[in-house]
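Dropping target.cif in here (mmCIF, C-alpha atoms (C1' of nucleotides)):
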```
data_upload
loop_
_atom_site.label_atom_id
_atom_site.label_comp_id
_atom_site.auth_asym_id
_atom_site.auth_seq_id
_atom_site.Cartn_x
_atom_site.Cartn_y
_atom_site.Cartn_z
CA MET U 1 78.59 -197.99 194.05
CA PRO U 2 75.68 -196.68 192.11
CA GLU U 3 72.78 -194.36 192.73
CA LEU U 4 70.03 -193.65 190.21
CA PRO U 5 72.17 -191.68 187.71
CA GLU U 6 74.89 -194.33 187.55
CA VAL U 7 72.32 -197.11 187.20
CA GLU U 8 70.81 -195.17 184.32
CA GLY U 9 74.25 -195.07 182.69
CA VAL U 10 74.59 -198.83 183.11
CA ARG U 11 71.07 -199.30 181.72
CA HIS U 12 72.06 -197.43 178.58
CA TYR U 13 75.24 -199.50 178.25
CA LEU U 14 73.42 -202.82 178.67
CA ASP U 15 70.56 -201.81 176.39
CA ARG U 16 73.03 -201.04 173.61
CA LEU U 17 74.99 -204.28 173.96
CA LEU U 18 72.30 -206.79 174.98
CA THR U 19 69.16 -205.93 173.01
CA GLY U 20 68.57 -208.61 170.39
CA ARG U 21 71.18 -210.96 171.88
CA THR U 22 70.32 -214.51 172.88
CA VAL U 23 71.75 -216.25 175.95
CA THR U 24 73.55 -219.43 174.87
CA ALA U 25 74.85 -220.54 178.27
CA VAL U 26 74.72 -219.45 181.90
CA THR U 27 77.41 -219.94 184.55
CA VAL U 28 76.64 -219.14 188.16
CA VAL U 29 80.00 -218.87 189.92
CA ARG U 30 78.48 -217.84 193.26
CA PRO U 31 74.97 -219.22 193.80
CA LYS U 32 73.93 -216.77 196.51
CA ILE U 33 73.97 -213.96 193.93
CA ILE U 34 70.84 -215.56 192.46
CA ALA U 35 68.00 -214.53 194.76
CA HIS U 36 65.19 -216.17 192.76
CA PRO U 37 64.44 -218.79 191.61
CA ALA U 38 66.83 -221.53 192.80
CA PRO U 39 70.15 -221.18 190.91
CA GLU U 40 69.68 -224.43 188.95
CA VAL U 41 66.24 -223.30 187.80
CA PHE U 42 67.61 -219.85 186.99
CA VAL U 43 70.21 -221.37 184.67
CA ILE U 44 67.71 -223.60 182.87
CA ARG U 45 65.11 -220.88 182.39
CA LEU U 46 67.52 -218.18 181.27
CA THR U 47 69.36 -220.31 178.70
CA GLY U 48 67.97 -219.67 175.23
CA GLN U 49 66.23 -216.40 176.20
CA THR U 50 66.58 -213.26 174.05
CA PHE U 51 66.86 -209.72 175.44
CA ALA U 52 64.18 -207.32 174.25
CA GLY U 53 65.59 -204.22 175.96
CA VAL U 54 66.83 -202.85 179.27
CA GLU U 55 64.81 -200.58 181.55
CA ARG U 56 65.39 -199.09 185.00
CA ARG U 57 63.22 -198.68 188.08
CA ALA U 58 64.95 -196.75 190.87
CA LYS U 59 68.29 -198.57 191.28
CA PHE U 60 66.99 -201.83 189.75
CA LEU U 61 67.92 -202.86 186.20
CA LEU U 62 65.11 -204.63 184.33
CA LEU U 63 66.41 -206.77 181.47
CA ARG U 64 63.27 -207.55 179.48
CA LEU U 65 63.09 -210.90 177.70
CA THR U 66 61.19 -211.58 174.50
CA ASP U 67 59.05 -214.24 176.22
CA GLY U 68 57.63 -211.60 178.56
CA GLY U 69 59.87 -212.47 181.51
CA THR U 70 62.33 -210.10 183.17
CA LEU U 71 65.86 -210.59 184.45
CA VAL U 72 66.09 -208.16 187.38
CA LEU U 73 69.48 -206.99 188.66
CA HIS U 74 70.36 -204.82 191.64
CA LEU U 75 74.01 -203.75 191.88
CA ARG U 76 73.91 -202.76 195.57
CA MET U 77 77.36 -201.39 196.49
CA THR U 78 79.88 -202.90 194.09
CA GLY U 79 78.00 -204.69 191.31
CA LEU U 80 79.52 -204.23 187.86
CA PRO U 81 77.98 -205.80 184.74
CA LEU U 82 80.31 -205.85 181.75
CA VAL U 83 79.84 -207.12 178.20
CA VAL U 84 83.18 -208.39 176.90
CA PRO U 85 84.53 -210.70 174.17
CA THR U 86 84.41 -214.36 175.20
CA ASP U 87 88.21 -214.59 175.12
CA ALA U 88 88.77 -211.60 177.44
CA PRO U 89 90.68 -212.61 180.59
CA GLN U 90 88.39 -213.27 183.52
CA LYS U 91 88.72 -210.80 186.35
CA LYS U 92 88.55 -211.40 190.07
CA HIS U 93 85.08 -211.25 191.68
CA THR U 94 83.28 -212.55 188.58
CA GLN U 95 80.02 -213.95 190.01
CA VAL U 96 77.75 -214.75 187.04
CA ILE U 97 78.42 -215.21 183.32
CA LEU U 98 75.86 -215.17 180.51
CA ASN U 99 77.31 -216.32 177.18
CA LEU U 100 75.73 -214.50 174.24
CA ASP U 101 75.24 -215.43 170.59
CA ASN U 102 77.80 -212.99 169.18
CA SER U 103 81.00 -214.22 170.85
CA THR U 104 80.58 -211.84 173.77
CA GLU U 105 79.40 -212.47 177.31
CA LEU U 106 77.77 -210.54 180.07
CA ARG U 107 80.01 -210.88 183.11
CA TYR U 108 78.68 -209.76 186.45
CA LEU U 109 81.48 -208.69 188.81
CA ASP U 110 80.79 -207.87 192.45
CA GLN U 111 83.57 -207.44 194.97
CA ARG U 112 81.36 -207.43 198.05
CA GLN U 113 78.78 -209.88 196.69
CA PHE U 114 75.80 -207.79 197.83
CA GLY U 115 74.18 -207.52 194.39
CA ARG U 116 71.38 -209.90 193.35
CA PHE U 117 69.66 -211.34 190.27
CA TRP U 118 66.01 -212.37 190.07
CA LEU U 119 64.41 -214.06 187.06
CA LEU U 120 60.70 -213.30 186.90
CA GLU U 121 58.25 -215.14 184.67
CA LYS U 122 55.82 -213.21 182.48
CA ASN U 123 52.97 -213.13 184.98
CA GLU U 124 54.86 -213.66 188.18
CA HIS U 125 53.39 -211.32 190.78
CA ASP U 126 55.23 -212.52 193.86
CA ASP U 127 57.29 -209.47 194.78
CA CYS U 128 60.46 -211.20 195.92
CA THR U 129 62.45 -208.25 194.54
CA GLY U 130 60.86 -205.43 196.56
CA LEU U 131 60.06 -203.54 193.35
CA ALA U 132 56.40 -203.24 194.25
CA LYS U 133 57.14 -201.41 197.49
CA LEU U 134 59.24 -198.66 195.90
CA GLY U 135 58.16 -195.04 196.16
CA PRO U 136 57.72 -192.80 193.12
CA GLU U 137 60.39 -192.36 190.47
CA PRO U 138 61.87 -188.92 191.28
CA LEU U 139 62.27 -187.83 187.66
CA SER U 140 58.71 -188.72 186.72
CA ARG U 141 56.04 -186.05 186.34
CA ALA U 142 54.06 -187.85 189.00
CA PHE U 143 56.64 -186.86 191.61
CA GLY U 144 56.61 -183.38 193.11
CA PRO U 145 56.28 -181.45 196.37
CA LYS U 146 52.83 -182.87 197.13
CA LYS U 147 53.99 -186.45 196.66
CA LEU U 148 57.03 -185.76 198.80
CA ALA U 149 55.00 -184.21 201.60
CA ALA U 150 52.53 -187.10 201.51
CA ALA U 151 55.28 -189.71 201.57
CA LEU U 152 57.04 -188.04 204.49
CA GLY U 153 53.83 -187.95 206.47
CA GLY U 154 54.72 -186.67 209.89
CA ARG U 155 57.91 -188.65 210.17
CA LYS U 156 60.19 -187.59 212.96
CA CYS U 157 63.40 -189.07 211.59
CA PRO U 158 65.99 -186.84 209.87
CA ILE U 159 65.07 -185.66 206.39
CA LYS U 160 68.22 -187.27 205.02
CA THR U 161 67.17 -190.67 206.40
CA CYS U 162 63.77 -190.19 204.74
CA LEU U 163 65.37 -189.35 201.38
CA LEU U 164 67.41 -192.57 201.58
CA ASP U 165 64.28 -194.61 202.30
CA GLN U 166 63.33 -196.13 198.94
CA HIS U 167 59.66 -196.28 199.96
CA THR U 168 59.57 -192.45 200.16
CA VAL U 169 61.29 -191.66 196.84
CA ALA U 170 63.16 -194.31 194.90
CA GLY U 171 66.71 -193.93 193.64
CA ILE U 172 68.43 -191.44 195.97
CA GLY U 173 71.59 -192.69 197.68
CA ASN U 174 73.99 -191.36 200.29
CA ILE U 175 75.94 -189.01 198.01
CA TYR U 176 73.06 -187.37 196.20
CA ALA U 177 71.04 -187.05 199.41
CA ASP U 178 73.79 -184.76 200.74
CA GLU U 179 74.05 -182.85 197.47
CA ILE U 180 70.27 -182.37 197.30
CA LEU U 181 70.04 -181.06 200.86
CA PHE U 182 72.97 -178.72 200.30
CA ALA U 183 71.31 -177.32 197.18
CA ALA U 184 68.02 -176.93 199.10
CA ARG U 185 69.91 -175.34 202.03
CA ILE U 186 68.40 -177.77 204.55
CA LYS U 187 70.40 -179.36 207.37
CA PRO U 188 70.34 -183.13 206.89
CA ASP U 189 69.37 -183.87 210.50
CA ARG U 190 66.19 -181.77 210.48
CA PRO U 191 63.19 -183.92 211.42
CA ALA U 192 61.08 -184.36 208.29
CA CYS U 193 57.93 -183.33 210.15
CA ALA U 194 59.46 -179.96 211.04
CA LEU U 195 59.95 -178.85 207.42
CA SER U 196 57.75 -176.09 206.02
CA PRO U 197 55.91 -176.48 202.69
CA ALA U 198 58.38 -174.04 201.13
CA GLU U 199 61.31 -176.14 202.33
CA LEU U 200 59.70 -179.34 201.04
CA SER U 201 59.20 -177.64 197.68
CA ARG U 202 62.88 -176.73 197.53
CA ILE U 203 63.86 -180.31 198.33
CA ALA U 204 61.51 -181.73 195.69
CA ARG U 205 62.86 -179.28 193.12
CA GLU U 206 66.49 -180.09 193.92
CA ILE U 207 65.83 -183.84 193.83
CA LYS U 208 64.80 -183.46 190.19
CA GLN U 209 67.47 -180.90 189.37
CA ILE U 210 70.44 -182.75 190.87
CA LEU U 211 69.47 -186.21 189.62
CA ALA U 212 68.61 -184.97 186.12
CA ALA U 213 71.94 -183.16 185.84
CA ALA U 214 73.80 -186.26 187.04
CA VAL U 215 71.96 -188.48 184.54
CA ALA U 216 72.80 -186.08 181.69
CA LYS U 217 76.46 -185.96 182.69
CA ASP U 218 76.64 -189.74 182.95
CA CYS U 219 75.21 -190.15 179.47
CA LEU U 220 77.90 -187.84 178.09
CA SER U 221 80.64 -189.79 179.82
CA ILE U 222 79.20 -193.23 179.10
CA SER U 223 82.44 -194.19 177.38
CA GLU U 224 83.99 -193.96 180.83
CA TYR U 225 82.06 -197.13 181.64
CA ASP U 226 84.92 -198.81 179.95
CA VAL U 227 85.36 -202.50 179.32
CA GLN U 228 89.10 -202.13 179.68
CA HIS U 229 89.05 -200.44 183.03
CA GLY U 230 85.74 -201.84 184.16
CA VAL U 231 85.02 -198.74 186.17
CA GLU U 232 82.83 -195.75 185.67
CA GLN U 233 84.10 -192.63 187.26
CA ARG U 234 81.83 -190.24 189.02
CA ASP U 235 83.17 -186.76 188.44
CA ALA U 236 84.00 -185.90 192.03
CA GLU U 237 84.52 -182.27 191.04
CA LYS U 238 80.77 -182.04 190.50
CA LEU U 239 80.06 -182.97 194.10
CA LEU U 240 79.83 -179.82 196.17
CA VAL U 241 79.74 -181.31 199.67
CA TYR U 242 80.11 -185.11 199.69
CA GLY U 243 83.54 -186.14 200.97
CA ARG U 244 84.63 -182.53 201.46
CA ALA U 245 84.85 -182.14 205.23
CA GLY U 246 87.07 -179.18 206.13
CA GLU U 247 86.94 -177.66 202.64
CA PRO U 248 85.33 -174.26 202.18
CA CYS U 249 81.66 -174.17 201.23
CA VAL U 250 81.26 -172.99 197.62
CA ARG U 251 78.45 -170.65 198.73
CA CYS U 252 79.76 -169.06 201.91
CA GLY U 253 83.37 -170.16 202.32
CA MET U 254 82.87 -171.61 205.79
CA PRO U 255 84.31 -175.11 206.35
CA LEU U 256 82.06 -178.06 205.54
CA VAL U 257 81.62 -180.68 208.24
CA ARG U 258 81.12 -184.44 208.38
CA THR U 259 78.68 -186.08 210.75
CA VAL U 260 76.86 -189.39 210.97
CA ILE U 261 73.11 -189.63 210.37
CA GLY U 262 71.40 -193.01 210.35
CA GLN U 263 74.80 -194.73 210.41
CA ARG U 264 75.78 -193.00 207.16
CA SER U 265 78.48 -190.39 206.59
CA SER U 266 76.88 -187.02 205.98
CA TYR U 267 78.44 -183.78 204.78
CA TYR U 268 76.93 -180.33 204.97
CA CYS U 269 77.59 -176.64 205.54
CA PRO U 270 76.63 -175.68 209.10
CA HIS U 271 76.51 -172.02 208.07
CA CYS U 272 74.20 -171.97 205.07
CA GLN U 273 72.09 -175.08 205.63
CA HIS U 274 69.32 -174.61 208.20
"C1'" DA C 1 54.16 -198.64 212.13
"C1'" DC C 2 58.37 -196.36 213.18
"C1'" DT C 3 63.26 -196.31 214.55
"C1'" DG C 4 67.83 -197.81 215.54
"C1'" DC C 5 71.16 -201.14 214.86
"C1'" DC C 6 73.41 -204.97 212.77
"C1'" DA C 7 74.51 -208.13 209.11
"C1'" DC C 8 75.97 -209.12 204.62
"C1'" DC C 9 81.33 -209.00 202.13
"C1'" DT C 10 85.98 -207.48 200.46
"C1'" DG C 11 89.43 -204.16 200.09
"C1'" DC C 12 91.72 -199.91 201.01
"C1'" DC C 13 93.66 -196.41 203.83
"C1'" DG C 14 95.70 -194.14 207.77
"C1'" DG C 15 97.63 -194.56 212.32
"C1'" DC C 16 100.48 -196.79 215.59
"C1'" DT D 1 106.60 -203.89 207.54
"C1'" DG D 2 102.45 -205.26 209.61
"C1'" DC D 3 98.43 -205.27 212.19
"C1'" DC D 4 94.00 -203.03 213.34
"C1'" DG D 5 90.21 -200.13 213.22
"C1'" DG D 6 87.42 -197.43 210.34
"C1'" DC D 7 85.39 -196.73 206.14
"C1'" DA D 8 82.88 -197.65 201.48
"C1'" DG D 9 77.89 -194.61 196.74
"C1'" DG D 10 72.74 -200.36 199.59
"C1'" DT D 11 69.32 -202.83 201.66
"C1'" DG D 12 66.85 -206.51 204.58
"C1'" DG D 13 65.81 -208.13 208.97
"C1'" DC D 14 65.52 -207.87 213.73
"C1'" DA D 15 64.19 -206.07 218.30
"C1'" DG D 16 62.30 -202.55 221.09
#
```
Have the structure of the file written as structure tokens, please.
Amino acid sequence: MPELPEVEGVRHYLDRLLTGRTVTAVTVVRPKIIAHPAPEVFVIRLTGQTFAGVERRAKFLLLRLTDGGTLVLHLRMTGLPLVVPTDAPQKKHTQVILNLDNSTELRYLDQRQFGRFWLLEKNEHDDCTGLAKLGPEPLSRAFGPKKLAAALGGRKCPIKTCLLDQHTVAGIGNIYADEILFAARIKPDRPACALSPAELSRIAREIKQILAAAVAKDCLSISEYDVQHGVEQRDAEKLLVYGRAGEPCVRCGMPLVRTVIGQRSSYYCPHCQH
DNA sequence: ACTGCCACCTGCCGGC
DNA sequence: TGCCGGCAGGTGGCAG
């Protein structure tokens, strides 16, 4: 489901409802959701912990604990953490439950079961999560055209594939990759090594622009991340190309097309993206 | 090291 | 109505 902007919305939601709460009990419905440590150890170590705050790195949620440890969560495609009253009816696909000290519980739902939890100790440096290998955070000041050019190196694969590679830049997913390349007027299948410095600058600028706008919009509609419905809605009207094959391009009016790049659906305007 | 391809899962949708 | 293939916003691992 989520790319960086949606994960940021979830971060805000969890930070508001979890900070200061203590875990009174842990139920692991589906053990494979716990990537590290072993599920039994996970339960023992997490019980009694208090949340200090919730941060985000790329698409990872970092639930900081007051003892210096971190509960890491990646939602992958369909992960959905909800904080609900203890007596709320349990929904299908509930995978992990953390009871909290205020008669609420954090319920982790995940239809496709791709999401994962990791519980890291204060000074645990073993990177079982993959966090250490991530590329720069696209909205940080440290990221810009130079960083992008350096990360792309002379790679021959399509620029879209490179943007989806979390080692290049961290947090872009399939939808925003298409939106970014449309805004930068670059065809998604262009080999990264064939892009000019000016084109790379446009891409770097649009990465920041598109993601920042999406984060801002998500914060405004955070109430949409609704406990009742359990779904956050991406405003599809804001997407200019994704999912719009056959519709007229908002810039030139020519029909948008769908193709497949790196086994992922890709949408672009063959007339004004080069 | 890079690249392509598959696997991991469930559910939904359109076509026959 | 029902079955079947294709598709889904992510990533890790494998082979070449």
List the spatial neighbours of DC2 (chain C) as a VMD selection string - criterion: any atom at most 12 Å away, all atoms listed in the file, same-chain residues fewer than 3 positions off excluded.
(chain U and resid 153 to 157 162) or (chain D and resid 16)
Could you please select, counting all atoms listed in the file, the residues of chain D within 8 Å of chain U and state them as a PyMOL selection string?
chain D and resi 9-11
Near Asp15 (chain U), counting all atoms listed in the file, which residues have an atom at most 10 Å away, once you skip same-chain residues fewer than 4 positions from it, shown as a PyMOL selection string?
chain U and resi 9-11+19-20+51-55+63-64
Take the PyMOL selection byres ((chain C and resi 8) around 10), run it mentally on this structure, and tell me the resulting residues as a compact mmCIF listing (two decimals) with C-alpha atoms (C1' of nucleotides), keeping the file's coordinate frame.
```txt
# COMPACT_ATOMS: atom_id res chain seq x y z
CA ARG U 112 81.36 -207.43 198.05
CA GLN U 113 78.78 -209.88 196.69
CA PHE U 114 75.80 -207.79 197.83
C1' DC C 6 73.41 -204.97 212.77
C1' DA C 7 74.51 -208.13 209.11
C1' DC C 9 81.33 -209.00 202.13
C1' DT D 11 69.32 -202.83 201.66
C1' DG D 12 66.85 -206.51 204.58
```
For CA of Gly130 (chain U) and CA of Ala214 (chain U), determine how far apart the two atoms are, in Å to one decimal place.
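Between these atoms lies a distance of 25.0 Å.
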Residue IDs satisfying the PyMOL selection byres ((chain C and resi 4) around 8), as a ChimeraX atom specification:
/U:262 /C:3,5
Pull out every residue that the PyMOL selection byres ((chain U and resi 98) around 9) matches in the shown coordinates and put them as an mmCIF file with C-alpha atoms, in the frame of the given file.
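Result went into result.cif, see below:
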```cif
data_model
loop_
_atom_site.group_PDB
_atom_site.id
_atom_site.type_symbol
_atom_site.label_atom_id
_atom_site.label_comp_id
_atom_site.auth_asym_id
_atom_site.auth_seq_id
_atom_site.Cartn_x
_atom_site.Cartn_y
_atom_site.Cartn_z
ATOM 1 C CA VAL U 23 71.750 -216.250 175.950
ATOM 2 C CA THR U 24 73.550 -219.430 174.870
ATOM 3 C CA ALA U 25 74.850 -220.540 178.270
ATOM 4 C CA VAL U 26 74.720 -219.450 181.900
ATOM 5 C CA THR U 27 77.410 -219.940 184.550
ATOM 6 C CA VAL U 28 76.640 -219.140 188.160
ATOM 7 C CA LEU U 46 67.520 -218.180 181.270
ATOM 8 C CA THR U 47 69.360 -220.310 178.700
ATOM 9 C CA VAL U 96 77.750 -214.750 187.040
ATOM 10 C CA ILE U 97 78.420 -215.210 183.320
ATOM 11 C CA ASN U 99 77.310 -216.320 177.180
ATOM 12 C CA LEU U 100 75.730 -214.500 174.240
ATOM 13 C CA THR U 104 80.580 -211.840 173.770
ATOM 14 C CA GLU U 105 79.400 -212.470 177.310
ATOM 15 C CA LEU U 106 77.770 -210.540 180.070
ATOM 16 C CA ARG U 107 80.010 -210.880 183.110
ATOM 17 C CA TYR U 108 78.680 -209.760 186.450
#
```
When you draw a straight line from CA of Thr129 (chain U) to CA of Val7 (chain U), how long is it in Å?
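These two atoms are separated by 16.6 Å.
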Excluding Gln95 (chain U) and residues on its chain fewer than 6 positions from it, collect all residues at most 6 Å away from it, counting all atoms listed in the file, and give them as a PyMOL selection string.
chain U and resi 29-30+108-109
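You will find CA of Pro81 (chain U) at 9.4 Å from CA of Thr94 (chain U).
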Considering only C-alpha atoms (C1' of nucleotides), state which residue in the set U:Cys272, U:Ile33, U:Ile44, U:Ala132 is at the smallest distance from chain C.
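Looking only at the distances to chain C, the closest residue turns out to be U:Ile33.
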